[in-house]
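Colleague: Contents of input.txt (compact mmCIF, N, CA and C atoms) are below:
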```
# COMPACT_ATOMS: atom_id res chain seq x y z
N MET T 284 34.08 62.78 174.09
CA MET T 284 34.81 64.01 174.34
C MET T 284 35.73 64.34 173.17
N SER T 285 36.26 63.32 172.50
CA SER T 285 37.22 63.61 171.44
C SER T 285 36.61 64.47 170.33
N ASP T 286 35.31 64.32 170.05
CA ASP T 286 34.67 65.17 169.05
C ASP T 286 34.73 66.64 169.47
N LEU T 287 34.45 66.89 170.73
CA LEU T 287 34.49 68.27 171.23
C LEU T 287 35.91 68.82 171.18
N VAL T 288 36.88 68.02 171.58
CA VAL T 288 38.28 68.45 171.55
C VAL T 288 38.67 68.82 170.12
N GLU T 289 38.37 67.95 169.19
CA GLU T 289 38.72 68.21 167.79
C GLU T 289 37.98 69.43 167.26
N THR T 290 36.71 69.59 167.65
CA THR T 290 35.94 70.74 167.20
C THR T 290 36.53 72.04 167.73
N LEU T 291 36.82 72.09 169.02
CA LEU T 291 37.39 73.30 169.62
C LEU T 291 38.78 73.60 169.06
N ARG T 292 39.57 72.57 168.86
CA ARG T 292 40.91 72.77 168.31
C ARG T 292 40.87 73.18 166.85
N GLY T 293 39.75 72.93 166.18
CA GLY T 293 39.64 73.24 164.76
C GLY T 293 39.14 74.63 164.45
N VAL T 294 38.80 75.42 165.46
CA VAL T 294 38.30 76.77 165.22
C VAL T 294 39.48 77.69 164.87
N ASP T 295 39.39 78.31 163.73
CA ASP T 295 40.46 79.22 163.28
C ASP T 295 40.65 80.37 164.25
N GLY T 296 41.90 80.66 164.58
CA GLY T 296 42.22 81.78 165.45
C GLY T 296 42.17 81.46 166.92
N ALA T 297 41.93 80.18 167.27
CA ALA T 297 41.86 79.77 168.68
C ALA T 297 42.88 78.66 168.92
N GLU T 298 44.03 79.02 169.45
CA GLU T 298 45.09 78.05 169.75
C GLU T 298 44.84 77.45 171.14
N ALA T 299 44.40 76.19 171.16
CA ALA T 299 44.03 75.53 172.42
C ALA T 299 45.25 75.30 173.30
N ARG T 300 45.05 75.48 174.60
CA ARG T 300 46.08 75.23 175.60
C ARG T 300 45.77 73.94 176.35
N VAL T 301 44.61 73.92 177.01
CA VAL T 301 44.17 72.76 177.80
C VAL T 301 42.68 72.59 177.60
N ILE T 302 42.25 71.34 177.43
CA ILE T 302 40.82 71.02 177.38
C ILE T 302 40.61 69.85 178.33
N ALA T 303 39.62 69.99 179.22
CA ALA T 303 39.37 68.96 180.22
C ALA T 303 37.87 68.76 180.42
N SER T 304 37.49 67.55 180.76
CA SER T 304 36.10 67.29 181.15
C SER T 304 36.05 67.33 182.68
N LEU T 305 35.02 67.98 183.19
CA LEU T 305 34.84 68.14 184.63
C LEU T 305 33.59 67.40 185.06
N ASP T 306 33.74 66.49 185.99
CA ASP T 306 32.63 65.72 186.53
C ASP T 306 32.42 66.13 187.98
N PRO T 307 31.33 65.68 188.61
CA PRO T 307 31.07 66.10 189.99
C PRO T 307 32.19 65.79 190.97
N LEU T 308 32.94 64.71 190.74
CA LEU T 308 33.96 64.33 191.71
C LEU T 308 35.39 64.31 191.18
N ASP T 309 35.56 64.51 189.88
CA ASP T 309 36.89 64.40 189.31
C ASP T 309 36.95 65.12 187.96
N PHE T 310 38.12 65.16 187.38
CA PHE T 310 38.31 65.77 186.07
C PHE T 310 39.25 64.89 185.26
N THR T 311 39.17 65.05 183.93
CA THR T 311 40.04 64.33 183.02
C THR T 311 40.61 65.32 182.02
N ILE T 312 41.91 65.37 181.92
CA ILE T 312 42.55 66.22 180.92
C ILE T 312 42.42 65.48 179.58
N GLU T 313 41.75 66.12 178.65
CA GLU T 313 41.52 65.52 177.33
C GLU T 313 42.59 65.94 176.33
N TYR T 314 43.12 67.15 176.52
CA TYR T 314 44.16 67.66 175.63
C TYR T 314 44.98 68.68 176.40
N VAL T 315 46.27 68.62 176.23
CA VAL T 315 47.16 69.66 176.74
C VAL T 315 48.26 69.87 175.70
N ARG T 316 48.51 71.11 175.38
CA ARG T 316 49.54 71.42 174.42
C ARG T 316 50.90 71.00 174.98
N THR T 317 51.73 70.42 174.16
CA THR T 317 52.97 69.79 174.58
C THR T 317 53.83 70.67 175.48
N GLU T 318 54.03 71.93 175.12
CA GLU T 318 54.93 72.77 175.91
C GLU T 318 54.33 73.19 177.26
N LEU T 319 53.06 72.87 177.48
CA LEU T 319 52.42 73.22 178.76
C LEU T 319 52.30 72.03 179.71
N GLU T 320 52.64 70.83 179.24
CA GLU T 320 52.45 69.63 180.05
C GLU T 320 53.11 69.71 181.42
N SER T 321 54.29 70.25 181.50
CA SER T 321 55.02 70.29 182.77
C SER T 321 54.78 71.57 183.56
N ARG T 322 53.99 72.47 183.02
CA ARG T 322 53.80 73.78 183.67
C ARG T 322 52.96 73.70 184.95
N TYR T 323 51.98 72.80 184.98
CA TYR T 323 51.07 72.71 186.11
C TYR T 323 51.22 71.38 186.82
N SER T 324 51.30 71.44 188.13
CA SER T 324 51.39 70.22 188.92
C SER T 324 50.00 69.62 189.11
N ASP T 325 49.95 68.39 189.55
CA ASP T 325 48.66 67.76 189.86
C ASP T 325 47.92 68.57 190.92
N ARG T 326 48.65 69.12 191.85
CA ARG T 326 48.04 69.94 192.90
C ARG T 326 47.42 71.21 192.32
N ASP T 327 48.11 71.85 191.38
CA ASP T 327 47.58 73.03 190.69
C ASP T 327 46.28 72.68 189.97
N LEU T 328 46.29 71.58 189.24
CA LEU T 328 45.11 71.16 188.48
C LEU T 328 43.94 70.84 189.40
N GLU T 329 44.23 70.18 190.50
CA GLU T 329 43.18 69.85 191.47
C GLU T 329 42.60 71.12 192.09
N SER T 330 43.44 72.10 192.41
CA SER T 330 42.96 73.37 192.95
C SER T 330 42.08 74.10 191.94
N ALA T 331 42.52 74.13 190.69
CA ALA T 331 41.73 74.77 189.64
C ALA T 331 40.39 74.08 189.48
N TYR T 332 40.39 72.76 189.49
CA TYR T 332 39.15 71.99 189.37
C TYR T 332 38.17 72.36 190.49
N ARG T 333 38.65 72.41 191.72
CA ARG T 333 37.77 72.72 192.86
C ARG T 333 37.20 74.14 192.74
N LEU T 334 38.01 75.09 192.32
CA LEU T 334 37.52 76.46 192.16
C LEU T 334 36.46 76.56 191.06
N ILE T 335 36.71 75.90 189.96
CA ILE T 335 35.74 75.93 188.86
C ILE T 335 34.44 75.26 189.27
N MET T 336 34.53 74.12 189.95
CA MET T 336 33.31 73.42 190.36
C MET T 336 32.53 74.22 191.40
N ALA T 337 33.21 74.90 192.29
CA ALA T 337 32.52 75.76 193.25
C ALA T 337 31.78 76.87 192.50
N ASN T 338 32.39 77.39 191.48
CA ASN T 338 31.76 78.41 190.66
C ASN T 338 30.56 77.84 189.90
N GLN T 339 30.63 76.58 189.50
CA GLN T 339 29.50 75.94 188.82
C GLN T 339 28.28 75.90 189.74
N VAL T 340 28.51 75.61 191.01
CA VAL T 340 27.40 75.55 191.97
C VAL T 340 26.74 76.92 192.09
N THR T 341 27.53 77.97 192.26
CA THR T 341 26.95 79.31 192.37
C THR T 341 26.36 79.75 191.04
N GLY T 342 26.91 79.27 189.93
CA GLY T 342 26.36 79.58 188.62
C GLY T 342 24.94 79.06 188.47
N ASP T 343 24.67 77.87 189.00
CA ASP T 343 23.31 77.32 188.96
C ASP T 343 22.35 78.22 189.73
N GLU T 344 22.78 78.72 190.87
CA GLU T 344 21.94 79.61 191.65
C GLU T 344 21.70 80.93 190.89
N PHE T 345 22.73 81.44 190.23
CA PHE T 345 22.62 82.67 189.48
C PHE T 345 21.68 82.50 188.28
N LYS T 346 21.77 81.35 187.59
CA LYS T 346 20.88 81.06 186.47
C LYS T 346 19.43 81.07 186.94
N ALA T 347 19.17 80.47 188.10
CA ALA T 347 17.81 80.43 188.63
C ALA T 347 17.31 81.83 188.94
N LEU T 348 18.17 82.68 189.44
CA LEU T 348 17.79 84.05 189.77
C LEU T 348 17.42 84.84 188.51
N ILE T 349 18.21 84.69 187.47
CA ILE T 349 17.98 85.42 186.23
C ILE T 349 16.87 84.79 185.40
N GLY T 350 16.74 83.47 185.50
CA GLY T 350 15.72 82.77 184.73
C GLY T 350 16.16 82.47 183.31
N GLU T 351 17.44 82.45 183.07
CA GLU T 351 18.00 82.17 181.74
C GLU T 351 19.09 81.12 181.87
N GLU T 352 19.22 80.31 180.83
CA GLU T 352 20.34 79.38 180.74
C GLU T 352 21.52 80.12 180.13
N PHE T 353 22.72 79.73 180.51
CA PHE T 353 23.87 80.31 179.80
C PHE T 353 24.60 79.21 179.06
N GLU T 354 25.16 79.60 177.92
CA GLU T 354 25.84 78.64 177.07
C GLU T 354 27.27 78.39 177.53
N VAL T 355 27.91 79.44 178.02
CA VAL T 355 29.32 79.31 178.37
C VAL T 355 29.70 80.42 179.34
N GLN T 356 30.59 80.09 180.23
CA GLN T 356 31.19 81.12 181.09
C GLN T 356 32.56 81.42 180.48
N THR T 357 32.86 82.67 180.31
CA THR T 357 34.10 83.08 179.66
C THR T 357 34.92 83.94 180.61
N LEU T 358 36.17 83.59 180.73
CA LEU T 358 37.10 84.35 181.56
C LEU T 358 38.22 84.85 180.66
N PHE T 359 38.39 86.17 180.62
CA PHE T 359 39.45 86.77 179.82
C PHE T 359 40.58 87.21 180.74
N PHE T 360 41.76 86.68 180.48
CA PHE T 360 42.97 87.09 181.17
C PHE T 360 43.85 87.83 180.17
N GLU T 361 44.95 88.35 180.61
CA GLU T 361 45.81 89.12 179.71
C GLU T 361 46.23 88.32 178.48
N ASN T 362 46.62 87.06 178.68
CA ASN T 362 47.14 86.26 177.58
C ASN T 362 46.37 84.96 177.33
N VAL T 363 45.33 84.74 178.10
CA VAL T 363 44.59 83.47 178.02
C VAL T 363 43.09 83.76 178.07
N VAL T 364 42.33 82.96 177.31
CA VAL T 364 40.88 82.98 177.39
C VAL T 364 40.44 81.59 177.85
N VAL T 365 39.55 81.55 178.84
CA VAL T 365 39.05 80.28 179.36
C VAL T 365 37.56 80.21 179.11
N LEU T 366 37.11 79.05 178.63
CA LEU T 366 35.68 78.79 178.47
C LEU T 366 35.31 77.65 179.39
N VAL T 367 34.21 77.79 180.10
CA VAL T 367 33.64 76.70 180.87
C VAL T 367 32.26 76.46 180.29
N LEU T 368 32.11 75.33 179.62
CA LEU T 368 30.88 74.99 178.92
C LEU T 368 30.10 73.98 179.76
N PRO T 369 28.98 74.39 180.37
CA PRO T 369 28.22 73.45 181.18
C PRO T 369 27.64 72.33 180.31
N ALA T 370 27.76 71.10 180.80
CA ALA T 370 27.22 69.95 180.08
C ALA T 370 25.96 69.44 180.77
N ALA T 371 26.00 69.37 182.07
CA ALA T 371 24.88 68.93 182.91
C ALA T 371 25.14 69.51 184.30
N ARG T 372 24.25 69.25 185.22
CA ARG T 372 24.45 69.77 186.57
C ARG T 372 25.78 69.26 187.12
N TYR T 373 26.66 70.19 187.46
CA TYR T 373 27.98 69.91 188.01
C TYR T 373 28.87 69.11 187.06
N GLU T 374 28.64 69.26 185.78
CA GLU T 374 29.53 68.71 184.76
C GLU T 374 29.77 69.80 183.73
N ALA T 375 30.99 69.86 183.23
CA ALA T 375 31.32 70.91 182.27
C ALA T 375 32.55 70.51 181.48
N VAL T 376 32.83 71.30 180.48
CA VAL T 376 34.07 71.20 179.74
C VAL T 376 34.84 72.49 180.00
N PHE T 377 36.09 72.35 180.34
CA PHE T 377 37.01 73.47 180.54
C PHE T 377 37.90 73.53 179.31
N ALA T 378 38.02 74.70 178.72
CA ALA T 378 38.90 74.86 177.57
C ALA T 378 39.61 76.20 177.67
N SER T 379 40.93 76.17 177.56
CA SER T 379 41.69 77.42 177.59
C SER T 379 42.44 77.59 176.27
N PHE T 380 42.61 78.86 175.90
CA PHE T 380 43.21 79.21 174.61
C PHE T 380 44.14 80.39 174.79
N ASP T 381 45.12 80.50 173.88
CA ASP T 381 45.93 81.71 173.84
C ASP T 381 45.02 82.86 173.43
N ARG T 382 45.18 83.99 174.07
CA ARG T 382 44.36 85.16 173.72
C ARG T 382 45.07 85.94 172.63
N GLU T 383 44.44 85.99 171.50
CA GLU T 383 44.96 86.74 170.37
C GLU T 383 43.87 87.68 169.89
N ASP T 384 44.26 88.71 169.19
CA ASP T 384 43.30 89.69 168.70
C ASP T 384 43.20 89.59 167.19
N PRO T 385 42.05 89.38 166.62
CA PRO T 385 40.76 89.19 167.28
C PRO T 385 40.62 87.75 167.76
N PHE T 386 39.83 87.55 168.81
CA PHE T 386 39.62 86.21 169.36
C PHE T 386 38.23 85.72 168.94
N PRO T 387 38.12 84.51 168.40
CA PRO T 387 36.86 84.02 167.83
C PRO T 387 35.90 83.42 168.87
N ILE T 388 35.52 84.20 169.87
CA ILE T 388 34.70 83.67 170.96
C ILE T 388 33.37 83.11 170.46
N THR T 389 32.68 83.83 169.61
CA THR T 389 31.38 83.32 169.15
C THR T 389 31.55 82.10 168.26
N ASP T 390 32.63 82.02 167.51
CA ASP T 390 32.88 80.83 166.70
C ASP T 390 33.07 79.60 167.60
N LEU T 391 33.79 79.76 168.72
CA LEU T 391 33.98 78.65 169.65
C LEU T 391 32.66 78.22 170.29
N ILE T 392 31.87 79.19 170.72
CA ILE T 392 30.59 78.88 171.35
C ILE T 392 29.66 78.20 170.35
N ASP T 393 29.61 78.71 169.12
CA ASP T 393 28.76 78.10 168.10
C ASP T 393 29.22 76.69 167.77
N ALA T 394 30.53 76.49 167.67
CA ALA T 394 31.07 75.16 167.35
C ALA T 394 30.72 74.16 168.45
N ALA T 395 30.88 74.57 169.70
CA ALA T 395 30.57 73.68 170.83
C ALA T 395 29.07 73.38 170.88
N GLY T 396 28.26 74.35 170.56
CA GLY T 396 26.80 74.18 170.60
C GLY T 396 26.27 73.25 169.53
N ARG T 397 27.03 73.05 168.45
CA ARG T 397 26.60 72.17 167.38
C ARG T 397 26.78 70.70 167.71
N LEU T 398 27.52 70.41 168.76
CA LEU T 398 27.77 69.00 169.12
C LEU T 398 26.67 68.42 169.97
```
Using structure tokens, write down the structure from this file.
Modeller:
Amino acid sequence: MSDLVETLRGVDGAEARVIASLDPLDFTIEYVRTELESRYSDRDLESAYRLIMANQVTGDEFKALIGEEFEVQTLFFENVVVLVLPAARYEAVFASFDREDPFPITDLIDAAGRL
């Protein structure tokens, strides 16, 4: 995972907030920016994990319907961009970044795909 963390953190114009590995039954925070460490409780993180994993399940059904694989799910918020990069069935990498203009979304996807 550290290679992916370093790769994502190394993309110009993408200031990482949180990067985590998501497994079928648990998650591991791989990186969190220092000033954000106390912002989210364990309960918040667990709730976010459950919501993302539920979305992963429906994402598999949606992929089957369309007949295409997707490289990344991207969520744009006012000040944050979130990437969910599927690794295997019910496994993924969660990465959030400060949203700045312009945002290097394709650079992040390409960097992650090279690993």
Colleague: Any chance you could list, as a PyMOL selection string, the residues in chain T that come up helix (DSSP H, G or I) when DSSP is run on the backbone?
Modeller: chain T and resi 285-292+317-319+325-349+388-396
Colleague: Just the number, please: distance in Å from atom N of Val315 in chain T to atom C of Val367 in chain T, one decimal.
Modeller: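 Result for atom N of Val315 in chain T versus atom C of Val367 in chain T: 16.6 Å, one decimal.
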Colleague: With distances taken over only N, CA and C atoms, which of T:Leu358, T:Ala347, T:Ile335, T:Val364 is nearest to Phe380 in chain T?
Modeller: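 Going through T:Leu358, T:Ala347, T:Ile335, T:Val364 one by one, the smallest distance to Phe380 in chain T is for T:Val364.
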Colleague: Which neighbours of Leu308 in chain T fall inside 8 Å, counting only N, CA and C atoms, when residues of the same chain fewer than 3 positions from it are skipped, and could you give them as a PyMOL selection string?
Modeller: chain T and resi 305+373-374
Colleague: Could you check how far atom C of Arg322 in chain T sits from atom N of Thr389 in chain T, in Å to one decimal?
Modeller: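 The value is 27.4 Å.
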Colleague: If you run DSSP on the backbone here, which positions in range 328-372 of chain T get strand (DSSP E or B)? Please write them as a list of chain:residue names.
Modeller: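 So, restricting range 328-372 of chain T to strand (DSSP E or B), we get T:Gln356, T:Thr357, T:Leu358, T:Phe359, T:Val363, T:Val364, T:Val365, T:Leu366, T:Val367, T:Leu368, T:Pro369, T:Ala370, T:Ala371.
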Colleague: Just how far from atom C of Phe345 in chain T is atom C of Ser379 in chain T, in Å to one decimal?
Modeller: 24.5 Å
Colleague: Which polymer residues have any atom within 8 Å of an atom of range 383-386 of chain T, counting all atoms listed in the file, with same-chain residues fewer than 3 positions away left out, as an NGL selection string?
Modeller: :T and (295-298 or 361-364 or 380 or 389-391)
Colleague: When distances are computed from only C-alpha atoms, which of T:Arg316, T:Val355, T:Ile388, T:Phe310 shows the smallest separation from Ser330 in chain T?
Modeller: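 Of T:Arg316, T:Val355, T:Ile388, T:Phe310, the one nearest Ser330 in chain T is T:Phe310, counting only C-alpha atoms.
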